Amino acid sequence: MLPVIAVSIGVMFALAGLAAAALVLLIVAIGVTIWLCRNREQRHADGKTDVGWIVFLVTAYLLSISYLVFFVLLLVSTFTGESVTVG
């Protein structure tokens with residue numbers, strides 16, 4: 001029984017670490033979005049495009065928000081003991 005508990009604790013820490021990384025990624029994406037909005041005119045005057053930044057932002061928002069929603073649903077199902085479904 002002890003190995004099962006050890007593996008469960010390891011999985012819990014791994015999921016919590018991924019949730020923390022997703023939260024950091026979301027904060028970085030919000031910061032980049034604000035930076036791009038503030039420097040829009042200057043970057044446009046310099047002839048720079050925002051295509052790379054937009055691809056990064058779309059990827060960052062999709063990855064971080066989807067995992068954070070998964071993590072919240074996982075926490076809800078853990079503490080309530082009921083299966084949580086979306087839709």
# chains A, B, ... in the order shown; residues from 1 in each chain; ligands from 1

call {"tool": "residues_around", "arguments": {"residues": "A:Leu23", "least_positions_apart": "4", "cutoff": "10 Å", "atoms": "only C-alpha atoms", "output": "list of chain:residue names"}}
result
A:Gly17, A:Leu18, A:Ala19, A:Ile27, A:Val28, A:Ala29, A:Ser64, A:Ile65, A:Tyr67, A:Leu68

call {"tool": "closest_residue", "arguments": {"among": "A:Met12, A:Ile54, A:Val76, A:Val69", "to": "A:Thr33", "atoms": "only C-alpha atoms"}}
result
A:Ile54

call {"tool": "atom_distance", "arguments": {"atom1": "atom CA of A:Phe13", "atom2": "atom CA of A:Leu75"}}
result
13.1 Å

call {"tool": "closest_residue", "arguments": {"among": "A:Phe70, A:Glu41, A:Leu63, A:Thr78", "to": "A:Ala21", "atoms": "only C-alpha atoms"}}
result
A:Leu63

call {"tool": "select_by_dssp", "arguments": {"residues": "chain A", "states": "alpha helix (DSSP H)", "output": "ChimeraX atom specification"}}
result
/A:2-38,40-45,51-80
